[in-house]
$ cat input-v9.txt   # compact mmCIF, C-alpha atoms
# COMPACT_ATOMS: atom_id res chain seq x y z
CA MET A 1 124.07 62.39 119.34
CA ASN A 2 121.91 65.38 120.24
CA ILE A 3 124.20 67.57 118.21
CA ASN A 4 123.50 65.54 115.09
CA LEU A 5 119.79 65.39 115.79
CA ALA A 6 119.33 69.09 116.40
CA PRO A 7 119.11 70.20 112.74
CA VAL A 8 116.78 67.32 111.98
CA LEU A 9 114.58 68.27 114.87
CA ALA A 10 114.66 71.88 113.77
CA VAL A 11 113.50 70.91 110.29
CA LEU A 12 110.80 68.67 111.71
CA THR A 13 109.62 71.42 114.02
CA ALA A 14 109.60 73.89 111.15
CA LEU A 15 107.63 71.43 108.99
CA ALA A 16 105.18 70.91 111.80
CA GLY A 17 104.63 74.63 111.84
CA GLY A 18 106.55 75.27 115.08
CA THR A 19 109.46 77.65 115.44
CA ALA A 20 112.91 76.31 114.59
CA ALA A 21 114.31 78.21 117.59
CA ALA A 22 112.44 75.96 119.99
CA ALA A 23 114.85 73.12 119.28
CA ALA A 24 117.96 75.12 118.48
CA GLU A 25 120.97 74.06 120.48
CA THR A 26 123.58 76.50 121.78
CA PRO A 27 127.09 75.14 121.12
CA PRO A 28 129.68 75.49 123.93
CA ALA A 29 131.52 78.36 122.24
CA ALA A 30 128.33 80.40 121.86
CA THR A 31 127.12 79.92 125.43
CA VAL A 32 126.51 83.21 127.23
CA PHE A 33 127.11 83.41 130.97
CA GLU A 34 125.48 86.17 133.00
CA GLU A 35 127.47 88.25 135.47
CA ASP A 36 126.74 85.77 138.30
CA GLY A 37 127.74 82.74 136.21
CA SER A 38 124.23 81.66 135.29
CA ILE A 39 122.84 80.74 131.85
CA ALA A 40 119.33 82.00 131.21
CA GLN A 41 118.12 79.76 128.36
CA SER A 42 117.98 75.99 127.97
CA LEU A 43 121.13 74.90 126.10
CA SER A 44 119.27 72.27 124.10
CA GLY A 45 116.13 74.29 123.60
CA ALA A 46 114.23 71.49 125.29
CA PRO A 47 113.31 70.71 128.92
CA GLY A 48 115.41 68.25 130.94
CA ASP A 49 114.51 64.76 132.15
CA PRO A 50 115.40 64.37 135.86
CA GLN A 51 115.74 60.58 135.76
CA ALA A 52 118.13 60.71 132.81
CA GLY A 53 119.91 63.46 134.72
CA ARG A 54 120.53 61.28 137.72
CA GLN A 55 121.99 58.57 135.47
CA THR A 56 124.23 61.08 133.71
CA MET A 57 125.49 62.27 137.09
CA GLU A 58 126.28 58.73 138.19
CA ALA A 59 127.96 57.45 135.00
CA ARG A 60 131.73 57.63 135.41
CA GLY A 61 132.29 58.38 131.73
CA LEU A 62 129.80 61.29 131.86
CA GLY A 63 129.15 63.46 134.92
CA ASN A 64 130.89 61.32 137.54
CA CYS A 65 129.55 63.97 139.91
CA TYR A 66 129.54 61.57 142.86
CA ALA A 67 133.32 61.34 142.65
CA CYS A 68 133.29 64.72 144.38
CA HIS A 69 129.78 65.16 145.76
CA LEU A 70 127.59 63.37 148.23
CA VAL A 71 123.82 63.28 147.92
CA GLU A 72 122.36 62.06 151.18
CA ALA A 73 118.96 61.54 149.55
CA THR A 74 120.40 58.68 147.42
CA PRO A 75 122.35 56.40 149.79
CA ASP A 76 122.14 53.58 147.21
CA ILE A 77 124.92 55.22 145.19
CA GLN A 78 128.22 53.68 146.24
CA PHE A 79 131.41 55.56 147.01
CA MET A 80 130.39 59.19 147.01
CA GLY A 81 133.26 61.62 147.48
CA ASP A 82 133.50 64.70 149.69
CA ILE A 83 135.58 67.11 147.61
CA GLY A 84 132.65 69.46 147.01
CA PRO A 85 129.58 70.21 149.15
CA ALA A 86 126.67 67.74 149.47
CA LEU A 87 124.16 68.48 146.74
CA ASP A 88 121.08 67.94 148.89
CA GLY A 89 119.06 71.13 148.78
CA ALA A 90 120.78 72.41 145.63
CA GLY A 91 117.34 72.96 144.08
CA SER A 92 116.43 75.31 146.92
CA ARG A 93 119.76 77.12 147.01
CA TRP A 94 120.00 77.88 143.31
CA SER A 95 117.74 78.79 140.38
CA ALA A 96 117.62 76.73 137.18
CA ALA A 97 119.71 79.37 135.40
CA GLN A 98 122.35 79.29 138.15
CA LEU A 99 122.49 75.49 138.19
CA ARG A 100 122.79 75.46 134.39
CA GLY A 101 125.75 77.81 134.69
CA ILE A 102 127.38 75.71 137.43
CA VAL A 103 126.99 72.44 135.52
CA ALA A 104 128.05 73.93 132.17
CA ASP A 105 131.12 75.72 133.53
CA ALA A 106 131.33 76.21 137.29
CA LYS A 107 134.36 78.48 136.93
CA HIS A 108 132.04 81.37 136.02
CA THR A 109 130.28 80.98 139.38
CA PHE A 110 133.24 79.91 141.53
CA PRO A 111 136.46 81.36 140.10
CA ASP A 112 139.24 78.74 139.84
CA SER A 113 136.84 76.00 140.98
CA MET A 114 138.18 72.46 140.98
CA MET A 115 134.88 71.36 139.43
CA PRO A 116 135.38 70.37 135.77
CA SER A 117 133.74 72.45 133.04
CA PHE A 118 131.22 70.06 131.52
CA TYR A 119 130.11 72.19 128.58
CA LYS A 120 133.38 73.52 127.22
CA SER A 121 135.25 72.38 124.15
CA ALA A 122 138.47 74.40 123.89
CA GLY A 123 141.14 76.17 125.92
CA PHE A 124 142.67 73.12 127.62
CA LEU A 125 146.30 72.37 128.51
CA ARG A 126 147.56 69.17 126.81
CA PRO A 127 144.05 67.79 126.25
CA GLY A 128 143.88 64.00 125.82
CA GLU A 129 141.49 61.74 124.02
CA GLY A 130 139.45 60.55 126.97
CA TYR A 131 141.62 58.45 129.30
CA THR A 132 143.80 57.00 126.54
CA ALA A 133 146.77 59.36 127.20
CA LYS A 134 146.75 60.17 123.48
CA PRO A 135 146.70 63.82 122.40
CA ALA A 136 143.37 65.26 121.27
CA THR A 137 142.73 68.18 118.94
CA GLU A 138 140.38 70.97 119.96
CA PRO A 139 137.51 71.56 119.77
CA LEU A 140 136.75 68.47 121.86
CA PRO A 141 133.25 67.12 122.29
CA PRO A 142 132.15 68.61 125.65
CA LEU A 143 131.98 66.19 128.60
CA LEU A 144 128.19 66.48 128.55
CA THR A 145 125.87 67.29 125.62
CA ALA A 146 123.47 70.23 125.82
CA GLN A 147 120.60 67.88 126.60
CA GLN A 148 122.59 66.05 129.29
CA VAL A 149 123.29 69.39 130.99
CA GLU A 150 119.54 70.14 130.94
CA ASP A 151 118.75 66.68 132.33
CA VAL A 152 121.24 67.14 135.19
CA VAL A 153 119.85 70.61 135.95
CA SER A 154 116.33 69.23 136.18
CA TYR A 155 117.49 66.50 138.58
CA LEU A 156 119.36 69.03 140.74
CA LEU A 157 116.22 71.19 140.86
CA SER A 158 114.38 68.19 142.34
CA LEU A 159 116.86 68.10 145.27
CA LYS A 160 114.98 70.42 147.60
CA MET B 161 140.96 75.95 149.72
CA ASN B 162 140.36 79.67 149.93
CA TYR B 163 137.57 79.46 147.43
CA ALA B 164 135.88 76.70 149.34
CA MET B 165 135.96 78.86 152.44
CA GLY B 166 134.80 81.82 150.39
CA LEU B 167 131.82 79.90 149.10
CA ALA B 168 130.96 78.65 152.55
CA ALA B 169 130.99 82.23 153.76
CA VAL B 170 128.84 83.39 150.83
CA LEU B 171 126.38 80.55 151.39
CA SER B 172 126.04 81.13 155.08
CA ALA B 173 125.70 84.87 154.54
CA ALA B 174 123.15 84.53 151.75
CA PHE B 175 121.12 81.64 153.08
CA GLY B 176 121.91 81.55 156.75
CA LEU B 177 123.28 78.02 156.28
CA ALA B 178 126.12 76.49 158.18
CA ALA B 179 127.75 75.23 155.01
CA PRO B 180 130.42 72.57 155.54
CA LEU B 181 134.03 73.35 154.81
CA TYR B 182 135.37 71.10 152.11
CA ALA B 183 139.07 71.60 152.28
CA ALA B 184 141.91 69.19 153.02
CA SER B 185 141.59 67.10 156.18
CA GLU B 186 144.46 65.97 158.37
CA PRO B 187 145.03 62.29 159.18
CA GLU B 188 143.50 61.17 162.46
CA THR B 189 146.61 59.43 163.70
CA VAL B 190 150.23 59.73 162.69
CA ALA B 191 151.54 56.44 164.00
CA PRO B 192 154.91 55.42 162.58
CA ILE B 193 155.10 52.44 160.23
CA SER B 194 156.32 49.81 162.65
CA ILE B 195 157.97 47.02 160.69
CA ASN B 196 158.78 43.47 161.89
CA GLU B 197 157.28 44.09 165.33
CA GLY B 198 159.11 47.33 165.92
CA GLU B 199 162.49 46.33 164.52
CA ILE B 200 162.24 49.27 162.09
CA GLU B 201 160.13 52.37 162.67
CA LEU B 202 159.46 54.84 159.87
CA ALA B 203 157.99 58.20 160.82
CA THR B 204 154.88 59.12 158.81
CA GLU B 205 154.90 62.82 159.63
CA ALA B 206 157.50 65.57 159.31
CA GLU B 207 157.63 69.34 159.47
CA ALA B 208 156.75 70.96 156.15
CA PRO B 209 159.95 72.18 154.47
CA ALA B 210 160.42 75.96 154.50
CA HIS B 211 160.45 76.23 150.71
CA LEU B 212 156.75 75.24 150.68
CA ASN B 213 155.94 78.62 152.20
CA GLY B 214 153.06 77.26 154.25
CA ALA B 215 151.33 75.40 151.38
CA LEU B 216 151.08 72.37 153.71
CA PRO B 217 150.84 72.45 157.53
CA LYS B 218 152.79 69.18 157.89
CA ILE B 219 153.88 66.48 155.49
CA TRP B 220 152.55 62.94 155.69
CA SER B 221 153.38 59.58 154.15
CA GLY B 222 150.85 58.16 151.71
CA TRP B 223 150.79 55.06 153.95
CA LEU B 224 148.64 56.95 156.50
CA PHE B 225 145.84 57.34 153.98
CA ARG B 226 145.54 53.65 153.12
CA ASP B 227 143.22 51.12 154.77
CA ALA B 228 144.36 48.94 157.64
CA THR B 229 144.84 45.82 155.49
CA THR B 230 147.09 47.61 153.03
CA GLN B 231 148.98 49.26 155.86
CA SER B 232 149.65 45.99 157.63
CA MET B 233 151.23 44.46 154.51
CA GLN B 234 154.01 47.00 154.83
CA MET B 235 154.50 46.20 158.50
CA ASP B 236 156.00 42.77 158.01
CA ASP B 237 158.80 42.12 155.53
CA PHE B 238 157.68 38.52 155.08
CA GLU B 239 154.17 39.57 154.10
CA ASN B 240 155.28 42.53 152.05
CA PRO B 241 154.61 41.63 148.38
CA ALA B 242 157.29 44.10 147.26
CA MET B 243 160.05 41.99 148.79
CA VAL B 244 160.00 39.46 145.93
CA PHE B 245 160.98 42.31 143.63
CA VAL B 246 163.65 43.57 146.01
CA ASP B 247 165.18 40.07 145.86
CA GLN B 248 165.06 40.16 142.06
CA GLY B 249 166.90 43.49 142.19
CA LEU B 250 169.55 42.02 144.48
CA ASP B 251 170.07 39.12 142.05
CA LEU B 252 170.47 41.56 139.16
CA TRP B 253 173.03 43.52 141.19
CA ASP B 254 175.31 40.49 141.23
CA GLN B 255 174.67 39.39 137.65
CA PRO B 256 177.29 40.22 134.97
CA ASP B 257 175.72 41.78 131.89
CA GLY B 258 176.85 43.49 128.68
CA ALA B 259 180.02 43.46 126.58
CA GLU B 260 182.31 44.16 129.57
CA GLY B 261 181.01 41.12 131.43
CA LYS B 262 180.70 43.15 134.61
CA SER B 263 178.06 43.23 137.33
CA CYS B 264 177.05 46.23 139.42
CA ALA B 265 178.70 44.52 142.39
CA ASP B 266 182.04 44.21 140.55
CA CYS B 267 182.47 47.98 140.76
CA HIS B 268 180.22 49.07 143.59
CA GLY B 269 180.62 46.19 146.04
CA SER B 270 177.80 45.74 148.52
CA ILE B 271 174.55 47.45 147.57
CA ASP B 272 173.80 48.33 151.20
CA ASP B 273 177.03 50.29 151.61
CA SER B 274 177.56 51.77 148.15
CA MET B 275 173.93 52.77 147.57
CA LYS B 276 173.23 54.06 151.09
CA GLY B 277 171.53 57.46 150.83
CA VAL B 278 171.49 57.43 147.03
CA ARG B 279 167.73 57.18 146.66
CA ALA B 280 167.16 59.83 149.36
CA ALA B 281 168.98 62.43 147.25
CA MET B 282 167.30 61.66 143.91
CA PRO B 283 166.82 63.19 141.46
CA LYS B 284 170.05 65.19 141.25
CA MET B 285 172.38 66.71 138.69
CA SER B 286 174.07 64.27 136.29
CA GLU B 287 177.71 63.25 136.63
CA ASP B 288 178.79 66.03 134.22
CA GLY B 289 176.39 68.50 135.82
CA THR B 290 174.50 69.38 132.64
CA ASP B 291 171.24 67.53 133.21
CA LEU B 292 168.90 66.49 136.03
CA TRP B 293 168.94 62.72 136.44
CA SER B 294 166.56 60.35 138.16
CA LEU B 295 167.84 57.11 139.70
CA GLU B 296 166.85 55.36 136.47
CA ASN B 297 169.23 57.60 134.48
CA PHE B 298 172.16 56.79 136.78
CA VAL B 299 171.47 53.06 136.49
CA ASN B 300 171.22 53.21 132.71
CA ASN B 301 174.33 55.36 132.46
CA CYS B 302 176.32 52.64 134.21
CA ARG B 303 174.77 50.00 132.00
CA THR B 304 175.44 51.74 128.70
CA THR B 305 178.75 53.54 129.33
CA ARG B 306 180.41 51.23 131.88
CA MET B 307 179.01 47.76 131.22
CA GLY B 308 178.40 47.84 127.47
CA ALA B 309 174.83 46.70 128.21
CA GLU B 310 171.50 47.86 126.82
CA ALA B 311 169.55 50.53 128.65
CA TRP B 312 166.58 49.23 130.59
CA GLY B 313 163.13 50.68 129.83
CA TRP B 314 162.14 53.38 132.34
CA SER B 315 159.45 51.30 134.02
CA SER B 316 160.61 47.86 132.86
CA ALA B 317 160.64 44.95 135.29
CA PRO B 318 164.45 44.89 135.82
CA MET B 319 164.59 48.68 136.28
CA GLU B 320 161.80 48.63 138.85
CA SER B 321 163.38 45.75 140.77
CA MET B 322 166.77 47.45 140.71
CA THR B 323 165.49 50.85 141.85
CA LEU B 324 163.48 49.11 144.57
CA ALA B 325 166.58 47.26 145.81
CA ILE B 326 168.60 50.50 145.71
CA SER B 327 165.82 52.31 147.63
CA MET B 328 166.03 49.72 150.40
CA ALA B 329 169.60 50.90 151.06
CA SER B 330 168.10 54.30 152.05
CA ARG B 331 165.25 52.88 154.12
CA GLY B 332 164.60 55.23 157.02
CA MET B 333 166.86 58.01 155.75
CA PRO B 334 165.14 61.38 155.27
CA VAL B 335 164.48 62.58 151.73
CA ASP B 336 167.08 65.27 151.12
CA VAL B 337 167.31 66.65 147.59
CA ALA B 338 169.33 69.64 146.40
CA ILE B 339 167.08 72.32 144.95
CA ASP B 340 169.54 75.18 144.67
CA GLY B 341 172.47 75.86 142.32
CA PRO B 342 172.11 74.15 138.96
CA ALA B 343 168.99 72.28 140.19
CA GLN B 344 167.08 75.51 140.86
CA SER B 345 165.74 75.99 137.32
CA TRP B 346 164.59 72.36 137.27
CA TRP B 347 162.80 72.87 140.57
CA ASP B 348 161.09 76.02 139.22
CA LYS B 349 159.91 74.09 136.17
CA GLY B 350 158.65 71.23 138.33
CA LYS B 351 156.72 73.63 140.52
CA GLU B 352 155.09 75.20 137.48
CA ILE B 353 153.98 71.75 136.29
CA TYR B 354 152.68 70.88 139.77
CA TYR B 355 150.29 73.82 139.73
CA SER B 356 149.24 73.54 136.05
CA ARG B 357 145.70 72.39 135.40
CA TYR B 358 146.03 69.77 132.67
CA GLY B 359 143.53 68.00 130.47
CA GLN B 360 139.87 68.33 129.73
CA LEU B 361 139.18 68.01 133.47
CA GLN B 362 141.59 70.91 134.14
CA LEU B 363 143.10 69.46 137.31
CA SER B 364 146.53 70.15 138.77
CA CYS B 365 148.44 67.96 141.19
CA ALA B 366 147.73 70.64 143.80
CA ASN B 367 143.94 70.47 143.28
CA CYS B 368 143.97 66.91 144.59
CA HIS B 369 147.13 66.50 146.67
CA GLU B 370 147.45 69.95 148.27
CA ASP B 371 143.86 71.20 148.54
CA HIS B 372 142.13 67.88 149.22
CA TYR B 373 144.41 65.30 150.89
CA GLY B 374 142.42 63.43 153.50
CA ASP B 375 139.25 63.77 151.41
CA TRP B 376 137.58 61.09 149.33
CA ILE B 377 137.42 61.21 145.57
CA ARG B 378 134.99 58.37 144.78
CA ALA B 379 136.46 55.35 146.58
CA ASP B 380 139.96 56.84 146.85
CA HIS B 381 141.30 58.46 149.99
CA LEU B 382 143.57 61.24 148.74
CA SER B 383 147.09 61.53 150.14
CA GLN B 384 149.56 64.37 149.65
CA GLY B 385 151.00 62.49 146.67
CA GLN B 386 154.42 62.11 148.28
CA ILE B 387 157.07 59.96 146.58
CA SER B 388 159.06 58.99 149.68
CA GLY B 389 157.57 55.48 149.39
CA PHE B 390 158.55 54.91 145.77
CA PRO B 391 158.86 52.68 143.92
CA VAL B 392 155.70 51.21 145.45
CA TYR B 393 154.02 47.84 145.17
CA ARG B 394 150.43 48.44 144.09
CA LEU B 395 147.78 45.89 144.98
CA ASN B 396 145.67 47.38 142.19
CA GLY B 397 147.62 45.89 139.26
CA ALA B 398 149.74 43.63 141.47
CA GLY B 399 153.10 45.05 140.52
CA VAL B 400 155.77 47.63 141.16
CA VAL B 401 155.02 51.18 140.04
CA SER B 402 157.74 53.74 139.39
CA ILE B 403 157.47 57.42 140.22
CA HIS B 404 156.98 58.45 136.60
CA GLU B 405 154.45 55.70 136.02
CA ARG B 406 152.39 57.15 138.89
CA PHE B 407 152.74 60.67 137.50
CA PHE B 408 151.69 59.39 134.09
CA GLY B 409 148.56 57.77 135.51
CA CYS B 410 147.55 60.82 137.54
CA VAL B 411 147.93 63.15 134.53
CA ARG B 412 146.17 60.72 132.17
CA ASP B 413 143.22 60.61 134.54
CA THR B 414 142.64 64.33 134.02
CA ARG B 415 141.86 63.44 130.37
CA ALA B 416 145.21 64.86 129.35
CA GLU B 417 148.18 63.82 127.25
CA PRO B 418 150.79 63.09 129.93
CA PHE B 419 154.50 63.80 129.50
CA ALA B 420 156.60 60.74 128.67
CA GLN B 421 158.17 58.74 131.49
CA GLY B 422 161.79 59.85 131.76
CA SER B 423 161.03 63.17 130.02
CA PRO B 424 162.69 66.38 131.27
CA GLU B 425 159.24 67.54 132.44
CA PHE B 426 158.66 64.49 134.63
CA ARG B 427 162.22 64.64 136.00
CA ALA B 428 161.65 68.29 136.93
CA LEU B 429 158.31 67.34 138.52
CA GLU B 430 160.04 64.51 140.39
CA LEU B 431 162.53 66.96 141.88
CA TYR B 432 159.76 69.31 142.95
CA VAL B 433 157.58 66.55 144.42
CA SER B 434 160.63 65.05 146.18
CA SER B 435 161.33 68.44 147.70
CA ARG B 436 157.78 68.57 149.09
CA GLY B 437 158.63 65.40 151.04
CA MET B 438 162.00 66.50 152.45
CA GLY B 439 162.23 65.10 155.97
CA LEU B 440 159.99 62.08 155.42
CA PRO B 441 161.92 58.81 155.53
CA VAL B 442 162.50 56.78 152.38
CA GLU B 443 160.22 53.78 152.90
CA GLY B 444 162.01 51.29 150.69
CA ALA B 445 159.51 48.62 149.81
CA SER B 446 156.14 50.27 150.36
CA VAL B 447 152.65 48.97 149.64
CA ARG B 448 149.72 50.96 148.30
CA HIS B 449 146.27 49.94 147.10
$ encode --input "input-v9.txt" --output "structure tokens"
Amino acid sequence: MNINLAPVLAVLTALAGGTAAAAAETPPAATVFEEDGSIAQSLSGAPGDPQAGRQTMEARGLGNCYACHLVEATPDIQFMGDIGPALDGAGSRWSAAQLRGIVADAKHTFPDSMMPSFYKSAGFLRPGEGYTAKPATEPLPPLLTAQQVEDVVSYLLSLK
Amino acid sequence: MNYAMGLAAVLSAAFGLAAPLYAASEPETVAPISINEGEIELATEAEAPAHLNGALPKIWSGWLFRDATTQSMQMDDFENPAMVFVDQGLDLWDQPDGAEGKSCADCHGSIDDSMKGVRAAMPKMSEDGTDLWSLENFVNNCRTTRMGAEAWGWSSAPMESMTLAISMASRGMPVDVAIDGPAQSWWDKGKEIYYSRYGQLQLSCANCHEDHYGDWIRADHLSQGQISGFPVYRLNGAGVVSIHERFFGCVRDTRAEPFAQGSPEFRALELYVSSRGMGLPVEGASVRH
């Protein structure tokens, strides 16, 4: 949805006298990772919303982050997994740019990580259309939109 | 596993944190599956076969990783929901079918004697030695070439009941598949598939079943993904699940296009996964969540 809105927003921003770049979204293929796996700029061109981020992390069809991670600060979330480390304190351990890199494609930070690449649209082996078992053609819509990545990053930053 | 340890080391070095290790965890107990008050005991642990080259410290039955209620259903043949399907398989064994009007029993005699050890050695090379066959292929070969009957669907109800009944004739016998000679290239292919990271989630069998058995993925307690218990009765879905049906589901859940059930790829994978369980007893009618 954000992808479709971006040009509209850009036009609106331009009309309003702002800079089009402020709302420009970076598509997965154009994302630049620094040496340490981080991404310097907001992928959506806009700030994230931490509450929306928490919901994106919880939704099984989106982040499903709790399948692998525990967050002790939110015991209300049922069935948190322990494949990866607990995310409490992630906002103190990492910068926004590092967290953006980890959420977008953790394999740039942790080589061969088991963590899925949430902002990646091509280069998969036998990709399927969601969980239907049907083949899908690349590029696929990334698991999270640019704005959803930003939302998740802002929530992670709040975990001090 | 190495990366997890690497990260932990980096974190503790950089931040002075005692970061937890998130690698596979071993089961707390390795009690045997004691069936009918000790009448039958199935070991749940065995030495890891040498061809795994240390990939696993020991091998464990998937039963160990299930909750106590699920476990207990497999500890009493009268309570075991898979037994209804075993009985259906036994009925089919005696039933004439196809143009020849023959039953399995007409040629093979008693299922307990003629099928003893058959499941434990599956999959194996076909009768003419040109292909790798699963138990399902052998059954269908008899049906189509010897009985003049239609092939059963790979995971159809009669096929699952029949393979379950045949598996019971190997109950307690250690999995023992041939992986050398003509089977070697199949085994190599299966191993390659096992370590391939499929789908949009880019997950291999090894990511979950080698690096993280004993850990929780959401509400699921991960096992080593052994097939010594197959076909299994699954409470989730209330029915019998074949080996390839399980493979299909696990690959689908990585947001991938799975291989077809019965495909050469899944037969190769079956051989490789079987070989990872060599030494564990065939469980016959097993129960999983």
$ closest_residue --input "input-v9.txt" --among "A:Gly61, A:Val103, A:Ala46, A:Glu25" --to "A:Tyr131" --atoms "all atoms listed in the file"
A:Gly61
$ residues_around --input "input-v9.txt" --residues "stretch 335-341 of chain B" --least-positions-apart "2" --cutoff "8 Å" --atoms "all atoms listed in the file" --output "PyMOL selection string"
chain B and resi 280-284+333+343-344+347+388+431+434-435+437-442
$ atom_distance --input "input-v9.txt" --atom1 "atom CA of A:Leu125" --atom2 "atom CA of B:Glu370"
19.9 Å
$ interface_residues --input "input-v9.txt" --of "chain B" --to "chain A" --cutoff "7 Å" --atoms "only C-alpha atoms" --output "PyMOL selection string"
chain B and resi 180+182+357-363+367+372+375-379+412-413+415-418
$ atom_distance --input "input-v9.txt" --atom1 "atom CA of B:Thr204" --atom2 "atom CA of B:Thr189"
9.6 Å
$ closest_residue --input "input-v9.txt" --among "A:Asp105, A:Glu72, A:Asp36, A:Glu150" --to "A:Leu87" --atoms "only C-alpha atoms"
A:Glu72
$ closest_residue --input "input-v9.txt" --among "B:Ile200, B:Leu395, B:Val299, B:Ala184" --to "B:Glu287" --atoms "all atoms listed in the file"
B:Val299
$ residues_near_point --input "input-v9.txt" --point "(149.1, 69.3, 139.9)" --cutoff "9 Å" --atoms "only C-alpha atoms" --output "ChimeraX atom specification"
/B:351-358,363-370,410-411
$ residues_around --input "input-v9.txt" --residues "B:Glu201" --least-positions-apart "3" --cutoff "12 Å" --atoms "all atoms listed in the file" --output "PyMOL selection string"
chain B and resi 191-198+204+234-236+331-333+441-443
$ axis_aligned_box --input "input-v9.txt" --around "stretch 301-318 of chain B" --padding-each-side "4 Å" --output "lines of an AutoDock Vina configuration file"
center_x = 169.9
center_y = 50.1
center_z = 131.3
size_x = 29.0
size_y = 18.5
size_z = 17.0
$ atom_distance --input "input-v9.txt" --atom1 "atom CA of B:Gln421" --atom2 "atom CA of B:Phe245"
20.6 Å
$ closest_residue --input "input-v9.txt" --among "B:Leu324, B:Arg394, B:Ser316, B:Leu382" --to "B:Gly249" --atoms "only C-alpha atoms"
B:Leu324
$ closest_residue --input "input-v9.txt" --among "A:Ile102, A:Thr31, A:Leu43, A:Glu58" --to "A:Asp76" --atoms "only C-alpha atoms"
A:Glu58
